[in-house]
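Listing of upload13.txt; format and content: compact mmCIF, C-alpha atoms.
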# COMPACT_ATOMS: atom_id res chain seq x y z
CA ARG R 1 -16.30 -23.42 42.85
CA GLY R 2 -15.87 -21.81 46.27
CA GLN R 3 -16.60 -23.46 49.58
CA GLY R 4 -20.38 -23.11 49.76
CA PRO R 5 -22.96 -20.98 47.94
CA SER R 6 -22.60 -17.24 47.53
CA ARG R 7 -25.72 -15.04 47.35
CA HIS R 8 -24.10 -12.40 45.14
CA GLY R 9 -21.61 -14.61 43.34
CA ASN R 10 -18.07 -13.75 42.37
CA VAL R 11 -17.85 -13.29 38.62
CA ALA R 12 -14.36 -11.79 38.75
CA ALA R 13 -12.91 -14.83 40.52
CA LEU R 14 -14.74 -17.16 38.16
CA LYS R 15 -13.35 -15.41 35.09
CA GLU R 16 -9.88 -15.81 36.55
CA GLY R 17 -10.33 -19.45 37.48
CA VAL R 18 -12.17 -20.66 34.38
CA VAL R 19 -8.81 -21.00 32.62
CA ASN R 20 -8.38 -24.27 34.53
CA LEU R 21 -11.56 -25.69 33.01
CA LEU R 22 -10.56 -24.49 29.57
CA ARG R 23 -7.19 -26.22 29.88
CA HIS R 24 -9.01 -29.49 30.57
CA VAL R 25 -11.19 -28.87 27.52
CA GLU R 26 -8.13 -28.25 25.35
CA ASN R 27 -6.45 -31.39 26.65
CA LEU R 28 -9.47 -33.55 25.82
CA GLN R 29 -9.73 -32.01 22.37
CA GLN R 30 -6.16 -33.14 21.68
CA PHE R 31 -7.53 -36.69 21.60
CA GLY R 32 -9.83 -35.86 18.71
CA VAL R 33 -13.12 -36.16 20.57
CA PRO R 34 -15.90 -33.58 21.05
CA VAL R 35 -16.21 -32.24 24.58
CA VAL R 36 -19.40 -31.78 26.57
CA VAL R 37 -19.13 -29.86 29.84
CA GLY R 38 -21.70 -30.58 32.54
CA LEU R 39 -22.29 -27.49 34.69
CA ASN R 40 -23.83 -28.81 37.91
CA ARG R 41 -25.65 -25.75 39.17
CA PHE R 42 -25.92 -25.21 42.92
CA THR R 43 -28.68 -23.12 44.47
CA GLY R 44 -26.21 -20.37 45.36
CA ASP R 45 -24.85 -20.00 41.82
CA THR R 46 -25.92 -16.80 40.09
CA ASP R 47 -27.07 -16.44 36.49
CA ALA R 48 -24.04 -14.25 35.79
CA GLU R 49 -21.66 -16.93 37.05
CA VAL R 50 -23.34 -19.62 34.99
CA GLN R 51 -23.14 -17.43 31.89
CA VAL R 52 -19.39 -16.98 32.34
CA ILE R 53 -18.93 -20.75 32.12
CA LEU R 54 -21.30 -21.18 29.19
CA ASN R 55 -19.63 -18.38 27.23
CA ALA R 56 -16.10 -19.60 27.95
CA CYS R 57 -16.90 -23.15 26.85
CA ALA R 58 -18.64 -21.97 23.69
CA ALA R 59 -15.60 -19.88 22.76
CA ALA R 60 -13.40 -22.95 23.28
CA GLY R 61 -15.56 -25.07 20.98
CA ALA R 62 -17.08 -27.18 23.75
CA GLU R 63 -20.78 -27.71 24.38
CA ALA R 64 -21.72 -26.74 27.95
CA ILE R 65 -24.95 -27.96 29.50
CA GLU R 66 -26.41 -26.39 32.62
CA CYS R 67 -27.84 -29.15 34.80
CA THR R 68 -29.32 -29.46 38.27
CA HIS R 69 -28.57 -33.00 39.44
CA TRP R 70 -27.16 -31.61 42.69
CA ALA R 71 -30.71 -30.65 43.65
CA GLU R 72 -32.88 -32.88 41.47
CA GLY R 73 -30.90 -36.07 40.98
CA GLY R 74 -31.08 -37.91 37.66
CA ALA R 75 -33.89 -35.74 36.31
CA GLY R 76 -31.64 -32.69 36.55
CA ALA R 77 -29.04 -34.34 34.32
CA GLU R 78 -31.39 -35.52 31.57
CA THR R 79 -30.42 -32.70 29.20
CA LEU R 80 -26.74 -33.44 29.77
CA ALA R 81 -27.24 -37.14 29.07
CA LYS R 82 -29.07 -36.40 25.82
CA ALA R 83 -26.32 -34.00 24.74
CA VAL R 84 -23.66 -36.68 25.32
CA VAL R 85 -25.68 -39.27 23.38
CA ALA R 86 -26.13 -36.80 20.52
CA GLN R 87 -22.38 -36.22 20.32
CA ILE R 88 -21.76 -39.96 20.31
CA ASP R 89 -24.30 -40.49 17.53
CA SER R 90 -22.95 -37.57 15.49
CA GLY R 91 -19.84 -39.46 14.41
CA LYS R 92 -17.66 -36.40 15.01
CA ALA R 93 -15.18 -38.26 17.17
CA ASP R 94 -11.85 -39.11 15.57
CA TYR R 95 -10.02 -40.48 18.57
CA LYS R 96 -6.26 -40.72 18.55
CA PRO R 97 -3.96 -41.48 21.50
CA LEU R 98 -1.57 -38.88 22.80
CA TYR R 99 1.43 -41.00 21.82
CA PRO R 100 2.10 -44.29 19.97
CA GLU R 101 2.64 -47.35 22.14
CA ASP R 102 6.07 -48.01 20.63
CA MET R 103 7.41 -44.61 21.75
CA LYS R 104 10.22 -44.83 24.31
CA LEU R 105 8.99 -44.64 27.92
CA TRP R 106 10.87 -41.43 28.72
CA GLU R 107 9.46 -39.81 25.58
CA LYS R 108 5.96 -40.81 26.69
CA ILE R 109 6.58 -39.07 30.01
CA GLU R 110 7.87 -35.97 28.24
CA THR R 111 4.87 -35.96 25.92
CA ILE R 112 2.39 -36.03 28.79
CA ALA R 113 4.28 -33.37 30.74
CA THR R 114 4.61 -30.96 27.83
CA LYS R 115 1.32 -31.50 25.99
CA ILE R 116 -1.04 -32.04 28.94
CA TYR R 117 0.69 -30.20 31.81
CA ARG R 118 2.37 -27.59 29.53
CA ALA R 119 5.71 -28.07 31.26
CA GLY R 120 8.72 -26.15 30.05
CA SER R 121 11.12 -28.89 31.12
CA VAL R 122 11.00 -32.47 32.34
CA THR R 123 13.82 -33.58 34.61
CA THR R 124 14.94 -36.72 36.39
CA THR R 125 18.02 -38.64 37.55
CA PRO R 126 20.24 -41.09 35.64
CA ALA R 127 18.90 -43.83 37.92
CA VAL R 128 15.35 -43.24 36.69
CA LYS R 129 16.47 -43.23 33.06
CA ASN R 130 18.30 -46.52 33.65
CA GLN R 131 15.22 -48.02 35.31
CA LEU R 132 13.07 -47.10 32.32
CA LYS R 133 15.56 -48.74 29.97
CA ALA R 134 15.50 -51.86 32.15
CA TYR R 135 11.71 -51.96 31.85
CA GLU R 136 12.00 -51.65 28.08
CA ASP R 137 14.63 -54.39 27.92
CA ALA R 138 12.32 -56.62 29.96
CA GLY R 139 9.52 -56.21 27.43
CA TYR R 140 7.45 -53.49 29.09
CA GLY R 141 8.28 -50.69 26.68
CA LYS R 142 4.84 -50.61 25.07
CA PHE R 143 3.09 -49.97 28.37
CA PRO R 144 1.30 -46.63 28.76
CA VAL R 145 2.45 -44.22 31.45
CA CYS R 146 0.41 -43.25 34.52
CA MET R 147 1.59 -39.99 36.06
CA ALA R 148 1.33 -39.80 39.87
CA LYS R 149 1.10 -36.06 40.52
CA THR R 150 -0.71 -33.59 42.75
CA PRO R 151 -4.33 -33.18 41.62
CA LEU R 152 -4.35 -29.57 42.77
CA SER R 153 -2.39 -28.13 39.85
CA PHE R 154 -1.26 -28.83 36.30
CA SER R 155 2.24 -28.41 37.71
CA THR R 156 3.85 -30.38 40.52
CA ASP R 157 3.33 -27.41 42.85
CA PRO R 158 -0.07 -27.76 44.57
CA THR R 159 -0.23 -23.99 45.08
CA ALA R 160 0.13 -23.16 41.36
CA TYR R 161 -3.53 -22.70 40.47
CA GLY R 162 -5.21 -21.89 37.18
CA ALA R 163 -3.37 -23.01 34.06
CA PRO R 164 0.38 -22.61 34.64
CA GLU R 165 2.83 -23.03 31.76
CA GLY R 166 6.58 -23.35 31.41
CA HIS R 167 7.12 -25.03 34.77
CA GLU R 168 9.43 -27.95 35.57
CA VAL R 169 8.05 -31.45 36.04
CA ASN R 170 10.52 -33.59 37.97
CA ILE R 171 10.22 -37.37 37.85
CA ARG R 172 11.71 -38.64 41.08
CA GLU R 173 10.86 -42.32 40.66
CA VAL R 174 9.27 -44.82 38.26
CA ARG R 175 7.47 -48.03 39.14
CA LEU R 176 6.23 -51.00 37.16
CA SER R 177 2.62 -52.13 37.51
CA ALA R 178 2.97 -55.27 35.43
CA GLY R 179 -0.43 -56.72 36.27
CA ALA R 180 -2.33 -53.53 35.53
CA GLY R 181 -0.21 -52.93 32.45
CA PHE R 182 1.35 -49.51 32.92
CA ILE R 183 4.42 -47.64 34.15
CA VAL R 184 3.94 -45.20 37.04
CA ALA R 185 5.95 -41.98 37.01
CA ILE R 186 6.14 -40.36 40.47
CA CYS R 187 6.21 -36.57 40.05
CA GLY R 188 7.59 -34.02 42.47
CA SER R 189 6.85 -34.53 46.14
CA VAL R 190 3.54 -36.35 45.72
CA MET R 191 2.82 -39.16 48.19
CA THR R 192 1.34 -42.38 46.84
CA MET R 193 -1.28 -43.68 49.24
CA PRO R 194 -5.03 -44.35 49.23
CA GLY R 195 -6.85 -41.10 48.55
CA LEU R 196 -8.64 -39.69 51.59
CA PRO R 197 -10.54 -36.46 52.20
CA ARG R 198 -9.27 -34.01 54.80
CA VAL R 199 -11.69 -35.56 57.29
CA PRO R 200 -11.94 -39.33 56.59
CA ALA R 201 -15.33 -41.03 57.05
CA ALA R 202 -13.67 -43.36 59.56
CA ASN R 203 -13.68 -40.47 62.02
CA SER R 204 -17.47 -40.73 62.22
CA ILE R 205 -17.73 -44.53 62.51
CA THR R 206 -18.30 -45.94 65.99
CA VAL R 207 -19.95 -48.76 67.90
CA ASN R 208 -22.91 -47.88 70.11
CA ASP R 209 -23.83 -49.39 73.48
CA ALA R 210 -25.90 -52.10 71.75
CA GLY R 211 -22.84 -53.27 69.83
CA GLU R 212 -24.11 -51.87 66.54
CA ILE R 213 -21.91 -50.02 64.07
CA GLU R 214 -22.96 -46.44 63.43
CA GLY R 215 -21.74 -43.90 60.89
CA LEU R 216 -21.22 -46.16 57.88
CA PHE R 217 -23.72 -44.24 55.77
Would you kindly transcribe this structure into structure tokens?
Amino acid sequence: RGQGPSRHGNVAALKEGVVNLLRHVENLQQFGVPVVVGLNRFTGDTDAEVQVILNACAAAGAEAIECTHWAEGGAGAETLAKAVVAQIDSGKADYKPLYPEDMKLWEKIETIATKIYRAGSVTTTPAVKNQLKAYEDAGYGKFPVCMAKTPLSFSTDPTAYGAPEGHEVNIREVRLSAGAGFIVAICGSVMTMPGLPRVPAANSITVNDAGEIEGLF
């Protein structure tokens, strides 16, 4: 979605960008579960734009529900909720994990990078490979892997939009989260820090002349 409503819409851009949504649909379907897409319609969205999404999802075998909770709150998502419940009750789900827990840690990383991100190659250093083996030797080999990567692309390049394929995913570091129960793979140049928007809410928080805090909500 663009930054703000558009009176006339932009069907051409939507047709180009919908491949990103379809990649997410495909990735979820790999787990053996039916997919329901909630299309949260804004007032500036045109009928033509909405139809592009509905048609694309239908062609991909995913149920897409147009909903209006942006404008109407919970009432606008009632149809979506009922569709999700219907899928749950249908018994169609045949969930399977992406990889078995006894797979080697590096192979888990490769599986995620190739099957979910569609990478052409997965690279790292000998030091990272040695660290993974040390984790396995210490009894952490069955842990799942959490990939720390830019959220802006399926690749490690935040400017590679859409649904890129054949790219390189570089693992620069791995970390153990023993309490949480997973291994973290640090991808590319991503920074690990608390997620903040471009303009943090803290910028609007202040104390007035009466000593009261303003801007929390």
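Computed from the coordinates, the CA of Ala138 (chain R) to CA of Met103 (chain R) distance equals 15.4 Å.
Going from CA of Pro164 (chain R) over to CA of Ala127 (chain R), you cover 28.4 Å.
Proximity ranking of R:Gly139, R:Gly76, R:Gly188, R:Pro144 relative to Asp157 (chain R) places R:Gly188 first, based on all atoms listed in the file.
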Counting all atoms listed in the file, give me one row per residue of region 81-171 of chain R with an atom at most 12 Å from an atom of region 178-186 of chain R, showing the shortest contact pair and its distance in Å to one decimal, sorted by chain then residue number, as a Markdown table.
| residue | atom | partner | partner_atom | distance |
| --- | --- | --- | --- | --- |
| R:Glu101 | CA | R:Phe182 | CA | 11.1 |
| R:Lys104 | CA | R:Ile183 | CA | 11.8 |
| R:Leu105 | CA | R:Ile183 | CA | 8.3 |
| R:Trp106 | CA | R:Ala185 | CA | 9.7 |
| R:Lys108 | CA | R:Ile183 | CA | 10.2 |
| R:Ile109 | CA | R:Ala185 | CA | 7.6 |
| R:Glu110 | CA | R:Ala185 | CA | 10.8 |
| R:Ile112 | CA | R:Ala185 | CA | 10.8 |
| R:Ala113 | CA | R:Ala185 | CA | 10.8 |
| R:Val122 | CA | R:Ala185 | CA | 11.7 |
| R:Thr123 | CA | R:Ala185 | CA | 11.8 |
| R:Thr124 | CA | R:Ile186 | CA | 10.4 |
| R:Val128 | CA | R:Ala185 | CA | 9.5 |
| R:Lys129 | CA | R:Ala185 | CA | 11.3 |
| R:Gln131 | CA | R:Ile183 | CA | 10.9 |
| R:Leu132 | CA | R:Ile183 | CA | 8.9 |
| R:Lys133 | CA | R:Ile183 | CA | 11.9 |
| R:Tyr135 | CA | R:Ile183 | CA | 8.8 |
| R:Glu136 | CA | R:Ile183 | CA | 10.5 |
| R:Ala138 | CA | R:Ala178 | CA | 10.9 |
| R:Gly139 | CA | R:Ala178 | CA | 10.4 |
| R:Tyr140 | CA | R:Ala178 | CA | 8.0 |
| R:Gly141 | CA | R:Ile183 | CA | 8.9 |
| R:Lys142 | CA | R:Phe182 | CA | 8.7 |
| R:Phe143 | CA | R:Phe182 | CA | 4.9 |
| R:Pro144 | CA | R:Phe182 | CA | 5.1 |
| R:Val145 | CA | R:Ile183 | CA | 4.8 |
| R:Cys146 | CA | R:Val184 | CA | 4.8 |
| R:Met147 | CA | R:Ala185 | CA | 4.9 |
| R:Ala148 | CA | R:Ile186 | CA | 4.9 |
| R:Lys149 | CA | R:Ile186 | CA | 6.6 |
| R:Thr150 | CA | R:Ile186 | CA | 9.9 |
| R:Thr156 | CA | R:Ile186 | CA | 10.2 |
| R:Val169 | CA | R:Ile186 | CA | 10.1 |
| R:Asn170 | CA | R:Ile186 | CA | 8.4 |
| R:Ile171 | CA | R:Ile186 | CA | 5.7 |
Dump C-alpha atoms for the selected residues as a short mmCIF file (atom, residue, chain, number, x, y, z; two decimals), in the coordinates of the input?
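This is the output file out_27.cif:
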data_model
loop_
_atom_site.label_atom_id
_atom_site.label_comp_id
_atom_site.auth_asym_id
_atom_site.auth_seq_id
_atom_site.Cartn_x
_atom_site.Cartn_y
_atom_site.Cartn_z
CA GLU R 101 2.64 -47.35 22.14
CA LYS R 104 10.22 -44.83 24.31
CA LEU R 105 8.99 -44.64 27.92
CA TRP R 106 10.87 -41.43 28.72
CA LYS R 108 5.96 -40.81 26.69
CA ILE R 109 6.58 -39.07 30.01
CA GLU R 110 7.87 -35.97 28.24
CA ILE R 112 2.39 -36.03 28.79
CA ALA R 113 4.28 -33.37 30.74
CA VAL R 122 11.00 -32.47 32.34
CA THR R 123 13.82 -33.58 34.61
CA THR R 124 14.94 -36.72 36.39
CA VAL R 128 15.35 -43.24 36.69
CA LYS R 129 16.47 -43.23 33.06
CA GLN R 131 15.22 -48.02 35.31
CA LEU R 132 13.07 -47.10 32.32
CA LYS R 133 15.56 -48.74 29.97
CA TYR R 135 11.71 -51.96 31.85
CA GLU R 136 12.00 -51.65 28.08
CA ALA R 138 12.32 -56.62 29.96
CA GLY R 139 9.52 -56.21 27.43
CA TYR R 140 7.45 -53.49 29.09
CA GLY R 141 8.28 -50.69 26.68
CA LYS R 142 4.84 -50.61 25.07
CA PHE R 143 3.09 -49.97 28.37
CA PRO R 144 1.30 -46.63 28.76
CA VAL R 145 2.45 -44.22 31.45
CA CYS R 146 0.41 -43.25 34.52
CA MET R 147 1.59 -39.99 36.06
CA ALA R 148 1.33 -39.80 39.87
CA LYS R 149 1.10 -36.06 40.52
CA THR R 150 -0.71 -33.59 42.75
CA THR R 156 3.85 -30.38 40.52
CA VAL R 169 8.05 -31.45 36.04
CA ASN R 170 10.52 -33.59 37.97
CA ILE R 171 10.22 -37.37 37.85
#
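CA of Val19 (chain R) to CA of Ser121 (chain R) spans 21.5 Å [interatomic distance, one decimal].
For the set R:Glu63, R:Val190, R:Ala56, R:Gln51, the residue with the smallest atom-to-atom gap to Leu152 (chain R) is R:Val190, counting all atoms listed in the file.
If you count all atoms listed in the file and ignore residues fewer than 5 places along the chain from Leu80 (chain R), what sits within 10 Å of it is Val36, Val37, Gly38, Leu39, Asn40, Glu63, Ala64, Ile65, Glu66, Cys67, Thr68, His69, Ala75, Val85 and Ala86 of chain R.
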Could you write out that same residue set with C-alpha atoms as a compact mmCIF listing (two decimals), in the coordinates of the input?
# COMPACT_ATOMS: atom_id res chain seq x y z
CA VAL R 36 -19.40 -31.78 26.57
CA VAL R 37 -19.13 -29.86 29.84
CA GLY R 38 -21.70 -30.58 32.54
CA LEU R 39 -22.29 -27.49 34.69
CA ASN R 40 -23.83 -28.81 37.91
CA GLU R 63 -20.78 -27.71 24.38
CA ALA R 64 -21.72 -26.74 27.95
CA ILE R 65 -24.95 -27.96 29.50
CA GLU R 66 -26.41 -26.39 32.62
CA CYS R 67 -27.84 -29.15 34.80
CA THR R 68 -29.32 -29.46 38.27
CA HIS R 69 -28.57 -33.00 39.44
CA ALA R 75 -33.89 -35.74 36.31
CA VAL R 85 -25.68 -39.27 23.38
CA ALA R 86 -26.13 -36.80 20.52
Long-range neighbours of region 91-100 of chain R as an MDAnalysis selection string, 7 Å cut-off, all atoms listed in the file, 3 positions minimum in chain: chainID R and resid 31:34 88 103 108
Residues near Ile53 (chain R), cut-off 9 Å, all atoms listed in the file, skip fewer than 4 positions along chain, as a ChimeraX atom specification: /R:14-15,18,21,39,49,57-58,64
R:Thr114, R:Asn130, R:Ser155, R:Thr206 ranked by distance to Asn20 (chain R), top pick (using all atoms listed in the file): R:Ser155
